[in-house]
Amino acid sequence: MDMPGMDHAAQAADAGTPTFAVLLRIVLLVATAVVAGSGLLRPAIRTHTRRTAVSVWIAAGIAVLADALSVAFAQAGIVVTVVQIVLTVAIAALLGKPRPVAVISVLLTGLLIAEGSQEAAGGLWFVLDLFFVLAAVVLLGAAGYLATVDIQDWRLDRSRVRTLGLSAAAVLAVTGIGQLLASGIAFDRRLYETAYGLVMFAGAALAVLVLIALLLRRYARIASRAAAIAVVLSFGAWTAVAAIPEPGALPTPGVPELTHVQLAEKQVPLLVTPNRPGPNLVHFPDSAGRNLTVAGEDGHRVRADSRPGAEGSWAKVNLPAGRSTLTIGGEEVGVDTGTGPALPQAVGPDGPECASAALGSLVTGNRNVLHTCPADALSPGDARDLRTTVGFLAGRGARVITLAGDASARSTAAQRIVRAAAARRGVVIADHPRPDGALLVVSGWEHATGTLVRTRRAQQENPLYAYGNYLAPWLLNAPIVNSVPTSELPLRFDPRVRESLEFSVALENLFGGENPSTAAYRSWAAETSAPVDSGLQIYGCAQVNAMPMDAMGDMGKPYPGQWIPDGTIVPVTGVLR
Amino acid sequence: MVKTSRRWPKVAAVLAAAVVGIGLAAFPGTQSAGAAVQVSTEHTKAADGRDYWVQNHLAPANLAAKGDTGGKRKEWLLVWAGDENVADTAVKDIKGLPGSLGGGLDKVKNALPGPDFLAVIDATKGSPDYGKVVNTATVGPLVENEPHHMQYTWHKGNTIYAGGLFSAATYAFDVSALPKLQLKGVSLPTQTLGGSVPDAYDTLKDGTAYGTYMGGPVVPGPYVDSNGKTVISNGFAGSPGEVVRFDQKGKALSQVSAATPQGDNQKLCDDLPQLSKATCANPHGIQVREDLNTMVTSDYVEPRNIILDPVKQPSPYLRRPTIRTWDIADRNHPKLKSVAYLPDGPRSNPKDPLHNESRAVMENGVTHKPGHKGAFAQTMQGGAIFYTPDITAKKPKWREVWDDGTAGKKFGPKNDNIGSGTNGGWVAVSPDDKFLYHAVIGRPKGTLGPSDPGTSGGVYTLNIQKLIGAGDDVKCAIDTKAKAEQGGSGDCPTLAGAAGINPDEAGQGPHWGAYDNFQTGKDGYYHETEQPSRIAASDYFVARSGLDGDHKVWMLGLGKNGKLSVDKDFRDENTGQVGVDFNRKSWPHGDFGYAKPHSELFVVADKDLK
């Protein structure tokens with residue numbers, strides 16, 4: 001399933017290309033383009049000179065060296081690299097044979113297109129890349145021959161050479177501008193505020209400069225040399241842009257901002273919710289590490305700490321209305337909170353769940369303003385499912401339920417529902433632990449985690465809650481369920497089916513390995529056609545393992561797609577009515 | 001005006017470049033496996049109303065015609081394997097072209113989990129396709145089952161029962177038409193409410209099977225089993241576990257809790273959460289002697305993890321020291337007959353109870369011959385082998401008869417003779433009751449302390465003829481450290497053979513194995529034999545536990561005297577190395593990357609078996 005926005009943000013989150021790799025790419029592709037261009041245009045030359053041959057051999061030598069280094073340092077495949085080296089050397093060696101060398105150059109140009117094109121970006125980009133590369137190759141070849149071969153030794157007359165050059169320059173300019181327009185940043189401040197924008201602009205501007213230079217009849221000699229340099233620089237910019245993370249969308253007031261910051265050569269994603277004036281949460285995934293600090297424009301530093309029941313780390317900062325800057329580890333991130341009202345529930349104890357819901361929406365690629373948080377109210381669906389859960393427990397013989405809730409609107413309503421359902425079934429509601437009953441937690445993430453940690457400790461010592469630890473549907477989140485050896489949850493979606501797994505992987509790719517939650521899934525499902533209701537079932541959740549942690553202490557690695565790291569969640573009942 | 005004849009190179013160049021570029025842009029991203037693979041899918045509807053399937057991916061290139069094998073009929077090794085799904089084997093985005101970037105443009109993204117599968121490997125000695133994977137039968141729609149065990153040996157007509165440790169599902173396969181498989185049925189957690197975490201299976205003569213479900217009833221609280229016994233569960237993957245009887249389509253015929261009615265020893269049996277009656281009932285290994293109406297199950301561990309305290313270890317008493325015998329006169333209502341606590345041995349140390357010889361009784365192996373009533377049990381953390389001469393006794397007495405440490409140096413000269421933590425797994429008695437086979441992973445570095453170099457593993461065989469011949473009057477006792485390291489005397493087993501696997505690496509030996517119970521007769525067909533000439537073994541435990549493996553499957557030659565040797569002809573078709581490597585990029589079902597081979601079975605198609 002294609003998730004709009006996934007590639008972009010994943011690229012932003014994952015890119016951290018070492019400088020050496022970028023330079024290697026630029027040198028390799030430019031040198032190869034020079035060689036390819038020399039071969040492609042060879043049929044247009046009657047005889048090449050020794051200077052031409054030397055120049056082509058030098059370019060080929062640089063390209064071959066860069067090819068070899070790509071195998072060693074950039075995981076290039078050996079077979080395809082050998083093919084590229086053979087083609088490159090063949091062009092230099094066979095320069096005296098125009099037709100064969102032109103055919104070989106076609107193949108090498110094809111490889112260039114494949115190496116440089118942003119295939120993931122779609123058909124339009126590929127077409128733009130194709131013609132950009134072709135134009136650059138022709139221009140580089142022409143520039144090389146113009147510098148080393150007298151015009152009399154061309155098979156084309158001067159006017160045809162000029163036509164060829166202008167045509168190629170026009171294509172270069174049009175495709176360069178086309179790439180800039182297709183990037184989506186041509187008309188906003190990302191063009192000049194981000195490295196990506198600056199390099200894209202430079203590439204396009206230089207391409208236009210090539211055309212302008214070639215149109216000049218006066219100072220033609222100087223202009224043509226300038227054009228040659230501009231082609232090299234424009235092509236170099238094109239090769240470099242792939243290594244630069246695309247900037248995220250411009251911040252939109254009220255839309256939780258998903259962006260990234262470069263920290264220690266790693267692109268780290270972060271989420272700002274609710275992105276309104278006043279208090280905001282800045283959230284980093286676990287993979288960002290610890291000891292991160294966030295400062296607003298007032299300079300006040302806040303350390304990002306863990307929050308019970310939530311993954312990653314969180315910093316609560318005050319943001320002014322309008323545009324401002326966050327500073328994280330010395331890097332600046334622009335935000336724009338607009339002038340709307342604050343959303344205090346997005347930063348309180350239920351703030352992380354709210355942020356998770358926002359992430360679920362962002363996975364779809366949509367940018368929706370955050371108006372409410374899941375804990376603001378008990379949904380009719382959850383109310384119904386809590387009633388059914390009470391009935392299920394009563395049917396199993398549980399005569400007492402210990403109810404754990406907090407002061408949020410959702411939990412307060414949930415407690416009322418549970419008490420009423422229990423009364424109808426003759427089940428006693430207790431507010432303290434009981435060995436002969438069940439625990440039912442209907443609070444938010446933070447309070448639930450505290451309850452479960454205390455429960456786990458107590459259950460280590462004595463039998464407690466013989467009928468189990470039941471959690472409200474919104475409490476399916478790894479740090480919560482992993483607080484106890486086992487828990488049971490009433491759910492209407494199956495975390496194991498294809499759509500759930502695809503969502504889980506998409507979220508992990510979007511936000512540094514963050515695991516999904518019910519809130520995130522529901523947000524995502526509401527905006528897609530994913531199944532949200534396959535009937536209510538009770539799911540059992542546990543960190544199933546064949547060998548509880550031994551002295552080695554090195555637990556296995558969690559795999560992508562798992563809703564609960566190192567955990568298992570399976571339906572343990574049929575559909576409950 | 002440029003003449004037409006001079007225009008064509010430029011036009012052709014542009015077009016050709018476009019074609020080449022498009023082709024090359026797509027080239028490394030295309031899944032290379034899949035060409036010329038014959039795909040066929042068998043569906044079945046499960047109890048949840050959903051469609052479940054097995055999809056065969058036959059690789060014709062690996063299926064030589066019968067004539068090419070010198071007329072020899074095929075024997076297969078089935079390996080139940082899980083997709084590993086780690087990001088570094090998700091290679092879709094990497095183009096491998098010289099100008100490509102390792103990060104940035106060409107990044108490795110997390111990919112969806114790939115399907116788990118049964119690999120069908122050509123195990124025909126002398127076949128030009130020996131060691132080749134000819135079919136990967138993928139299962140769906142469940143992924144991340146954590147494929148675990150199948151039954152110990154396969155006989156003609158048997159269903160293959162294959163369990164998913166995490167999915168709590170048992171798959172039932174029809175293998176009559178190998179190399180193709182069919183799915184007969186699948187049992188889901190909602191059909192085995194009395195247990196979770198399916199582990200091992202043993203088939204009965206009528207084609208049904210018993211399976212151990214190591215974890216407790218799926219929902220906490222009371223559960224009434226098929227015998228009318230009420231047990232209290234502490235939840236999914238907790239305690240007490242059960243034994244399930246399956247029909248040939250994987251439908252549960254009965255579920256009987258392994259719990260001791262009065263509870264087990266509270267000190268030796270920890271449960272988390274605590275139960276009002278402590279229990280050690282977490283059956284893992286299972287063996288049946290129908291002629292004796294007796295079944296033996298060995299209790300291994302409460303199969304779930306929770307990190308209580310990053311510094312403190314979980315209780316060693318979550319790993320069990322108990323072994324149970326059952327009266328199976330009524331096949332659908334096995335009755336728990338005895339619960340024995342294996343004794344501690346000479347190495348036992350109260351300061352390190354985790355590695356006492358009695359700890360973590362993973363597997364057991366029964367004798368087969370009429371007149372022999374004995375059985376063996378092995379401990380994974382304890383590193384010892386125990387024996388009882390009579391499983392039909394009201395209270396079978398188990399004694400330690402061997403320590404894994406004795407075989408240590410045979411696996412690798414750098415190994416010590418300490419059996420603690422050797423992580424032994426598969427154990428089986430040869431059909432003629434002469435030998436005991438045992439797979440040992442070895443002790444990972446640091447197990448017994450920071451300066452512990454660990455030990456390597458392998459497979460060894462013990463000559464048990466004297467022990468079995470002693471009948472009820474067994475004298476063998478491993479009751480001193482010297483005996484633990486050198487072996488006992490008298491009627492104690494003796495080491496008949498040993499083959500080290502990855503002898504230079506600690507803790508990289510095999511967890512599981514299977515002996516080849518078939519041989520070719522003069523009529524050209526396969527027949528069952530009491531003297532296996534081969535053992536297959538696999539290097540994978542459970543990655544989530546931290547004990548993984550190199551994911552190789554080996555073939556070992558087995559002499560009539562019990563001598564073992566690694567079969568150097570059983571090689572990986574891609575690397576040419578000895579042993580079939582499941583860490584490969586491409587499979588017949590696609591480029592899904594590394595897989596985790598947990599268990600294997602020798603199987604022959606109906607048409608080739610008499």
# chains A, B, ... in the order shown; residues from 1 in each chain; ligands from 1
>>> select_by_dssp(residues="stretch 130-354 of chain A", states="alpha helix (DSSP H)", output="compact mmCIF listing (two decimals) with C-alpha atoms, in the first residue's frame")
# COMPACT_ATOMS: atom_id res chain seq x y z
CA LEU A 130 16.23 11.67 -18.38
CA PHE A 131 16.27 14.79 -20.50
CA PHE A 132 18.37 16.75 -18.02
CA VAL A 133 21.06 14.11 -18.11
CA LEU A 134 20.92 13.78 -21.88
CA ALA A 135 21.25 17.52 -22.31
CA ALA A 136 24.12 17.71 -19.82
CA VAL A 137 25.93 14.83 -21.49
CA VAL A 138 25.59 16.46 -24.92
CA LEU A 139 26.75 19.82 -23.61
CA LEU A 140 29.72 18.34 -21.74
CA GLY A 141 30.73 16.42 -24.82
CA ALA A 142 30.36 19.47 -27.01
CA ALA A 143 32.30 21.63 -24.57
CA GLY A 144 35.10 19.12 -24.54
CA TYR A 145 35.38 18.97 -28.28
CA LEU A 146 35.09 22.74 -28.70
CA ALA A 147 38.04 23.13 -26.37
CA THR A 148 40.19 20.53 -28.07
CA ARG A 158 29.42 26.30 -37.07
CA SER A 159 25.72 27.15 -37.23
CA ARG A 160 24.70 23.54 -36.70
CA VAL A 161 27.05 23.28 -33.73
CA ARG A 162 25.45 26.41 -32.31
CA THR A 163 22.00 24.97 -32.90
CA LEU A 164 22.98 21.73 -31.18
CA GLY A 165 24.36 23.62 -28.21
CA LEU A 166 21.39 25.93 -27.89
CA SER A 167 18.95 23.04 -28.17
CA ALA A 168 20.73 21.10 -25.47
CA ALA A 169 20.99 24.21 -23.30
CA ALA A 170 17.30 24.88 -23.72
CA VAL A 171 16.48 21.34 -22.68
CA LEU A 172 18.80 21.67 -19.71
CA ALA A 173 17.21 24.94 -18.66
CA VAL A 174 13.65 23.72 -19.13
CA THR A 175 14.25 20.46 -17.24
CA GLY A 176 16.24 22.25 -14.54
CA ILE A 177 13.36 24.66 -13.99
CA GLY A 178 10.95 21.79 -14.27
CA GLN A 179 12.72 19.93 -11.48
CA LEU A 180 12.61 23.00 -9.31
CA LEU A 181 8.89 23.44 -9.91
CA ALA A 182 8.19 19.75 -9.37
CA ARG A 190 12.16 26.62 1.75
CA LEU A 191 13.81 27.63 -1.49
CA TYR A 192 16.22 29.90 0.34
CA GLU A 193 16.00 28.62 3.92
CA ALA A 195 20.08 23.44 1.77
CA TYR A 196 17.86 21.40 -0.50
CA GLY A 197 16.19 24.50 -1.87
CA LEU A 198 19.44 26.35 -2.38
CA VAL A 199 21.04 23.48 -4.28
CA MET A 200 17.92 22.93 -6.42
CA PHE A 201 17.83 26.64 -7.21
CA ALA A 202 21.52 26.68 -8.00
CA GLY A 203 21.12 23.78 -10.39
CA ALA A 204 18.21 25.43 -12.21
CA ALA A 205 19.79 28.87 -12.25
CA LEU A 206 23.04 27.52 -13.61
CA ALA A 207 21.14 25.65 -16.28
CA VAL A 208 19.47 28.89 -17.34
CA LEU A 209 22.84 30.60 -17.22
CA VAL A 210 24.15 28.05 -19.71
CA LEU A 211 21.39 28.99 -22.13
CA ILE A 212 21.95 32.70 -21.66
CA ALA A 213 25.68 32.31 -22.17
CA LEU A 214 25.22 30.40 -25.39
CA LEU A 215 22.76 32.99 -26.68
CA ALA A 220 31.19 34.11 -27.45
CA ARG A 221 34.50 32.56 -26.50
CA ILE A 222 34.32 33.64 -22.86
CA ALA A 223 30.60 32.89 -22.75
CA SER A 224 31.05 29.38 -24.05
CA ARG A 225 33.71 28.67 -21.47
CA ALA A 226 31.44 30.05 -18.77
CA ALA A 227 28.66 27.89 -20.13
CA ALA A 228 30.87 24.81 -19.89
CA ILE A 229 31.65 25.57 -16.27
CA ALA A 230 28.00 26.23 -15.58
CA VAL A 231 27.04 22.86 -17.08
CA VAL A 232 29.49 21.10 -14.79
CA LEU A 233 28.19 22.98 -11.77
CA SER A 234 24.54 22.50 -12.70
CA PHE A 235 25.05 18.80 -13.26
CA GLY A 236 27.02 18.59 -10.03
CA ALA A 237 24.16 20.26 -8.17
CA TRP A 238 21.74 17.75 -9.68
CA THR A 239 23.82 14.84 -8.45
CA ALA A 240 24.20 16.38 -4.99
CA VAL A 241 20.56 17.16 -4.39
CA GLY A 351 -0.64 14.68 25.52
CA PRO A 352 1.45 11.73 24.30
CA GLU A 353 -1.66 9.86 23.24
CA CYS A 354 -2.82 12.97 21.42
>>> residues_around(residues="stretch 275-288 of chain B", least_positions_apart="6", cutoff="7 Å", atoms="only C-alpha atoms", output="VMD selection string")
(chain A and resid 463) or (chain B and resid 199 to 202 212 to 215 234 239 to 242 258 to 259 263 to 266 269 294 to 302 320 322 362 to 366)
>>> write_last_selection(atoms="N, CA and C atoms", output="mmCIF file, in the first residue's frame")
data_model
loop_
_atom_site.group_PDB
_atom_site.id
_atom_site.type_symbol
_atom_site.label_atom_id
_atom_site.label_comp_id
_atom_site.auth_asym_id
_atom_site.auth_seq_id
_atom_site.Cartn_x
_atom_site.Cartn_y
_atom_site.Cartn_z
ATOM 1 N N PRO A 463 -0.962 -13.953 44.651
ATOM 2 C CA PRO A 463 -1.996 -14.020 43.621
ATOM 3 C C PRO A 463 -2.891 -12.786 43.704
ATOM 4 N N ASP B 199 4.124 -26.055 21.166
ATOM 5 C CA ASP B 199 5.524 -26.411 21.107
ATOM 6 C C ASP B 199 5.816 -27.636 20.244
ATOM 7 N N ALA B 200 5.601 -28.817 20.786
ATOM 8 C CA ALA B 200 6.007 -30.015 20.047
ATOM 9 C C ALA B 200 4.814 -30.945 19.841
ATOM 10 N N TYR B 201 5.022 -31.922 18.943
ATOM 11 C CA TYR B 201 3.942 -32.850 18.593
ATOM 12 C C TYR B 201 4.498 -34.265 18.483
ATOM 13 N N ASP B 202 3.653 -35.233 18.809
ATOM 14 C CA ASP B 202 4.008 -36.614 18.533
ATOM 15 C C ASP B 202 2.779 -37.289 17.957
ATOM 16 N N THR B 212 2.020 -30.307 22.687
ATOM 17 C CA THR B 212 2.160 -29.598 23.956
ATOM 18 C C THR B 212 1.925 -28.111 23.721
ATOM 19 N N TYR B 213 1.118 -27.528 24.561
ATOM 20 C CA TYR B 213 0.954 -26.086 24.582
ATOM 21 C C TYR B 213 1.553 -25.607 25.904
ATOM 22 N N MET B 214 2.706 -25.011 25.784
ATOM 23 C CA MET B 214 3.530 -24.712 26.941
ATOM 24 C C MET B 214 2.914 -23.635 27.831
ATOM 25 N N GLY B 215 2.223 -22.732 27.240
ATOM 26 C CA GLY B 215 1.635 -21.632 27.998
ATOM 27 C C GLY B 215 0.241 -21.967 28.476
ATOM 28 N N ASN B 234 -2.883 -17.898 34.763
ATOM 29 C CA ASN B 234 -2.426 -16.522 34.960
ATOM 30 C C ASN B 234 -2.237 -15.807 33.623
ATOM 31 N N SER B 239 0.861 -19.919 32.810
ATOM 32 C CA SER B 239 0.782 -21.292 33.309
ATOM 33 C C SER B 239 -0.634 -21.573 33.797
ATOM 34 N N PRO B 240 -1.060 -22.851 33.896
ATOM 35 C CA PRO B 240 -0.365 -24.068 33.458
ATOM 36 C C PRO B 240 -0.655 -24.405 31.996
ATOM 37 N N GLY B 241 0.275 -25.077 31.358
ATOM 38 C CA GLY B 241 0.070 -25.475 29.974
ATOM 39 C C GLY B 241 -0.771 -26.736 29.870
ATOM 40 N N GLU B 242 -0.873 -27.264 28.645
ATOM 41 C CA GLU B 242 -1.760 -28.404 28.425
ATOM 42 C C GLU B 242 -1.243 -29.284 27.299
ATOM 43 N N ALA B 258 -2.014 -29.805 32.016
ATOM 44 C CA ALA B 258 -0.889 -30.539 32.605
ATOM 45 C C ALA B 258 -0.739 -30.253 34.092
ATOM 46 N N ALA B 259 -1.611 -29.409 34.638
ATOM 47 C CA ALA B 259 -1.456 -28.988 36.030
ATOM 48 C C ALA B 259 -1.627 -30.147 37.000
ATOM 49 N N GLY B 263 -1.330 -28.805 43.013
ATOM 50 C CA GLY B 263 -0.293 -27.789 42.850
ATOM 51 C C GLY B 263 1.085 -28.410 42.948
ATOM 52 N N ASP B 264 2.084 -27.674 42.548
ATOM 53 C CA ASP B 264 3.465 -28.152 42.573
ATOM 54 C C ASP B 264 4.243 -27.464 43.684
ATOM 55 N N ASN B 265 5.502 -27.866 43.791
ATOM 56 C CA ASN B 265 6.379 -27.342 44.846
ATOM 57 C C ASN B 265 6.529 -25.832 44.706
ATOM 58 N N GLN B 266 6.097 -25.130 45.746
ATOM 59 C CA GLN B 266 6.075 -23.674 45.669
ATOM 60 C C GLN B 266 7.475 -23.073 45.549
ATOM 61 N N CYS B 269 8.802 -23.894 41.907
ATOM 62 C CA CYS B 269 7.939 -23.537 40.783
ATOM 63 C C CYS B 269 7.417 -22.116 40.963
ATOM 64 N N THR B 294 1.178 -44.903 27.489
ATOM 65 C CA THR B 294 1.857 -43.892 28.317
ATOM 66 C C THR B 294 2.415 -42.778 27.448
ATOM 67 N N MET B 295 2.292 -41.592 27.983
ATOM 68 C CA MET B 295 2.863 -40.409 27.328
ATOM 69 C C MET B 295 3.778 -39.708 28.338
ATOM 70 N N VAL B 296 4.826 -39.098 27.843
ATOM 71 C CA VAL B 296 5.752 -38.369 28.710
ATOM 72 C C VAL B 296 5.841 -36.935 28.206
ATOM 73 N N THR B 297 5.682 -35.982 29.123
ATOM 74 C CA THR B 297 5.901 -34.579 28.745
ATOM 75 C C THR B 297 6.926 -33.985 29.694
ATOM 76 N N SER B 298 7.737 -33.095 29.167
ATOM 77 C CA SER B 298 8.775 -32.475 30.001
ATOM 78 C C SER B 298 8.487 -30.972 30.091
ATOM 79 N N ASP B 299 8.563 -30.459 31.301
ATOM 80 C CA ASP B 299 8.234 -29.048 31.559
ATOM 81 C C ASP B 299 9.470 -28.183 31.403
ATOM 82 N N TYR B 300 9.339 -27.130 30.631
ATOM 83 C CA TYR B 300 10.520 -26.325 30.310
ATOM 84 C C TYR B 300 10.542 -24.972 31.028
ATOM 85 N N VAL B 301 9.598 -24.096 30.729
ATOM 86 C CA VAL B 301 9.680 -22.741 31.280
ATOM 87 C C VAL B 301 8.322 -22.063 31.138
ATOM 88 N N GLU B 302 8.015 -21.123 32.006
ATOM 89 C CA GLU B 302 6.829 -20.285 31.775
ATOM 90 C C GLU B 302 7.210 -19.353 30.636
ATOM 91 N N ARG B 320 11.689 -24.934 34.587
ATOM 92 C CA ARG B 320 11.100 -26.055 35.346
ATOM 93 C C ARG B 320 12.025 -27.254 35.481
ATOM 94 N N THR B 322 10.590 -30.381 36.149
ATOM 95 C CA THR B 322 9.627 -31.478 36.287
ATOM 96 C C THR B 322 9.366 -32.218 34.987
ATOM 97 N N MET B 362 13.698 -29.472 28.792
ATOM 98 C CA MET B 362 13.117 -29.131 27.501
ATOM 99 C C MET B 362 12.531 -30.355 26.792
ATOM 100 N N GLU B 363 13.305 -31.401 26.680
ATOM 101 C CA GLU B 363 12.883 -32.503 25.814
ATOM 102 C C GLU B 363 13.027 -33.857 26.498
ATOM 103 N N ASN B 364 12.322 -34.813 25.940
ATOM 104 C CA ASN B 364 12.483 -36.175 26.421
ATOM 105 C C ASN B 364 12.415 -37.131 25.228
ATOM 106 N N GLY B 365 12.934 -38.327 25.439
ATOM 107 C CA GLY B 365 12.918 -39.319 24.359
ATOM 108 C C GLY B 365 12.621 -40.685 24.936
ATOM 109 N N VAL B 366 11.628 -41.375 24.364
ATOM 110 C CA VAL B 366 11.250 -42.685 24.887
ATOM 111 C C VAL B 366 11.927 -43.783 24.072
#
>>> atom_distance(atom1="atom CA of B:Val243", atom2="atom CA of B:Leu204")
13.8 Å
>>> select_by_dssp(residues="stretch 377-529 of chain B", states="strand (DSSP E or B)", output="MDAnalysis selection string")
chainID B and resid 377:379 384:388 390 399:403 424:429 435:440 457:463 494:501 512:515 518:520 526:528
>>> interface_residues(of="chain A", to="chain B", cutoff="6 Å", atoms="only C-alpha atoms", output="PDB file with C-alpha atoms, in the first residue's frame")
ATOM      1  CA  ALA A  15      19.213  10.471   5.344  1.00  0.00           C
ATOM      2  CA  THR A  17      24.672  10.685   3.930  1.00  0.00           C
ATOM      3  CA  ARG A  25      28.855  10.558  -6.265  1.00  0.00           C
ATOM      4  CA  ASP A  67      33.678   3.484  -9.534  1.00  0.00           C
ATOM      5  CA  SER A  70      31.974   3.053  -4.805  1.00  0.00           C
ATOM      6  CA  ALA A  74      29.176   2.837  -1.124  1.00  0.00           C
ATOM      7  CA  ALA A  76      27.941  -0.628  -5.226  1.00  0.00           C
ATOM      8  CA  GLY A  77      27.388  -3.992  -6.858  1.00  0.00           C
ATOM      9  CA  THR A  81      30.426  -1.495 -11.496  1.00  0.00           C
ATOM     10  CA  VAL A 106      24.371   5.414 -25.176  1.00  0.00           C
ATOM     11  CA  GLY A 110      21.607   4.933 -19.633  1.00  0.00           C
ATOM     12  CA  ILE A 113      20.265   8.116 -15.809  1.00  0.00           C
ATOM     13  CA  ALA A 114      19.605   5.051 -13.678  1.00  0.00           C
ATOM     14  CA  GLU A 115      22.138   6.089 -11.076  1.00  0.00           C
ATOM     15  CA  ALA A 242      19.698  13.478  -3.931  1.00  0.00           C
ATOM     16  CA  ALA A 243      21.904  13.386  -0.847  1.00  0.00           C
ATOM     17  CA  GLN A 459       1.411  -9.958  41.425  1.00  0.00           C
ATOM     18  CA  GLN A 460       5.016 -11.058  41.829  1.00  0.00           C
ATOM     19  CA  ASN A 462       0.856 -12.835  45.775  1.00  0.00           C
ATOM     20  CA  PRO A 463      -1.996 -14.020  43.621  1.00  0.00           C
ATOM     21  CA  ALA A 466      -7.264 -13.994  39.187  1.00  0.00           C
ATOM     22  CA  TYR A 467      -9.500 -12.984  36.283  1.00  0.00           C
ATOM     23  CA  GLY A 468      -6.846 -10.879  34.636  1.00  0.00           C
ATOM     24  CA  PRO A 485       3.382 -10.066  32.138  1.00  0.00           C
ATOM     25  CA  GLY A 540      -4.349 -11.460  24.924  1.00  0.00           C
ATOM     26  CA  GLN A 543       5.939 -10.919  25.658  1.00  0.00           C
ATOM     27  CA  VAL A 544       5.979 -14.544  24.625  1.00  0.00           C
ATOM     28  CA  ASN A 545       9.473 -15.962  24.865  1.00  0.00           C
ATOM     29  CA  ALA A 546      11.071 -19.366  24.954  1.00  0.00           C
ATOM     30  CA  MET A 547      13.730 -18.352  27.401  1.00  0.00           C
ATOM     31  CA  PRO A 548      13.200 -15.482  29.789  1.00  0.00           C
ATOM     32  CA  ASP A 554      21.121  -9.378  25.221  1.00  0.00           C
ATOM     33  CA  MET A 555      17.517  -9.624  24.169  1.00  0.00           C
ATOM     34  CA  GLY A 556      16.689 -10.336  20.605  1.00  0.00           C
ATOM     35  CA  TYR A 559      11.401  -6.625  14.179  1.00  0.00           C
ATOM     36  CA  VAL A 572      -8.440 -15.156  22.545  1.00  0.00           C
ATOM     37  CA  THR A 573     -12.171 -15.021  22.015  1.00  0.00           C
TER      38      THR A 573
END
>>> closest_residue(among="A:Gln267, A:Arg577, A:Pro516, A:Leu292", to="A:Phe392", atoms="only C-alpha atoms")
A:Arg577
>>> residues_around(residues="stretch 398-400 of chain B", least_positions_apart="3", cutoff="6 Å", atoms="only C-alpha atoms", output="JSON, numbers by chain")
{"B": [385, 386, 387, 388, 477, 478]}
>>> write_last_selection(atoms="N, CA and C atoms", output="mmCIF file, in the first residue's frame")
data_model
loop_
_atom_site.group_PDB
_atom_site.id
_atom_site.type_symbol
_atom_site.label_atom_id
_atom_site.label_comp_id
_atom_site.auth_asym_id
_atom_site.auth_seq_id
_atom_site.Cartn_x
_atom_site.Cartn_y
_atom_site.Cartn_z
ATOM 1 N N ILE B 385 21.533 -35.259 31.163
ATOM 2 C CA ILE B 385 20.559 -36.223 30.627
ATOM 3 C C ILE B 385 20.179 -37.179 31.746
ATOM 4 N N PHE B 386 18.904 -37.405 31.867
ATOM 5 C CA PHE B 386 18.361 -38.255 32.916
ATOM 6 C C PHE B 386 17.648 -39.448 32.284
ATOM 7 N N TYR B 387 17.497 -40.480 33.112
ATOM 8 C CA TYR B 387 16.874 -41.704 32.596
ATOM 9 C C TYR B 387 15.996 -42.311 33.667
ATOM 10 N N THR B 388 14.880 -42.855 33.202
ATOM 11 C CA THR B 388 14.092 -43.701 34.068
ATOM 12 C C THR B 388 13.862 -45.016 33.343
ATOM 13 N N ALA B 477 25.045 -43.709 37.796
ATOM 14 C CA ALA B 477 24.731 -42.481 38.527
ATOM 15 C C ALA B 477 25.848 -41.493 38.281
ATOM 16 N N ILE B 478 25.519 -40.348 37.792
ATOM 17 C CA ILE B 478 26.495 -39.269 37.652
ATOM 18 C C ILE B 478 26.378 -38.450 38.929
#
>>> closest_residue(among="A:Pro490, A:Gly397, A:Pro247, A:Pro100", to="A:Val575", atoms="only C-alpha atoms")
A:Pro490
>>> atom_distance(atom1="atom CA of A:Thr32", atom2="atom CA of A:Ile91")
10.4 Å
>>> decode(residues="stretch 74-84 of chain B", atoms="C-alpha atoms", output="short mmCIF file (atom, residue, chain, number, x, y, z; two decimals), in the first residue's frame")
data_model
loop_
_atom_site.label_atom_id
_atom_site.label_comp_id
_atom_site.auth_asym_id
_atom_site.auth_seq_id
_atom_site.Cartn_x
_atom_site.Cartn_y
_atom_site.Cartn_z
CA LYS B 74 13.31 -38.45 -4.01
CA GLU B 75 13.58 -37.97 -0.31
CA TRP B 76 12.94 -34.55 1.13
CA LEU B 77 13.94 -32.57 4.15
CA LEU B 78 11.17 -30.23 5.27
CA VAL B 79 12.32 -27.24 7.28
CA TRP B 80 9.84 -25.04 9.14
CA ALA B 81 11.26 -21.54 8.92
CA GLY B 82 10.26 -18.02 9.88
CA ASP B 83 10.91 -14.87 7.92
CA GLU B 84 13.41 -12.77 9.81
#
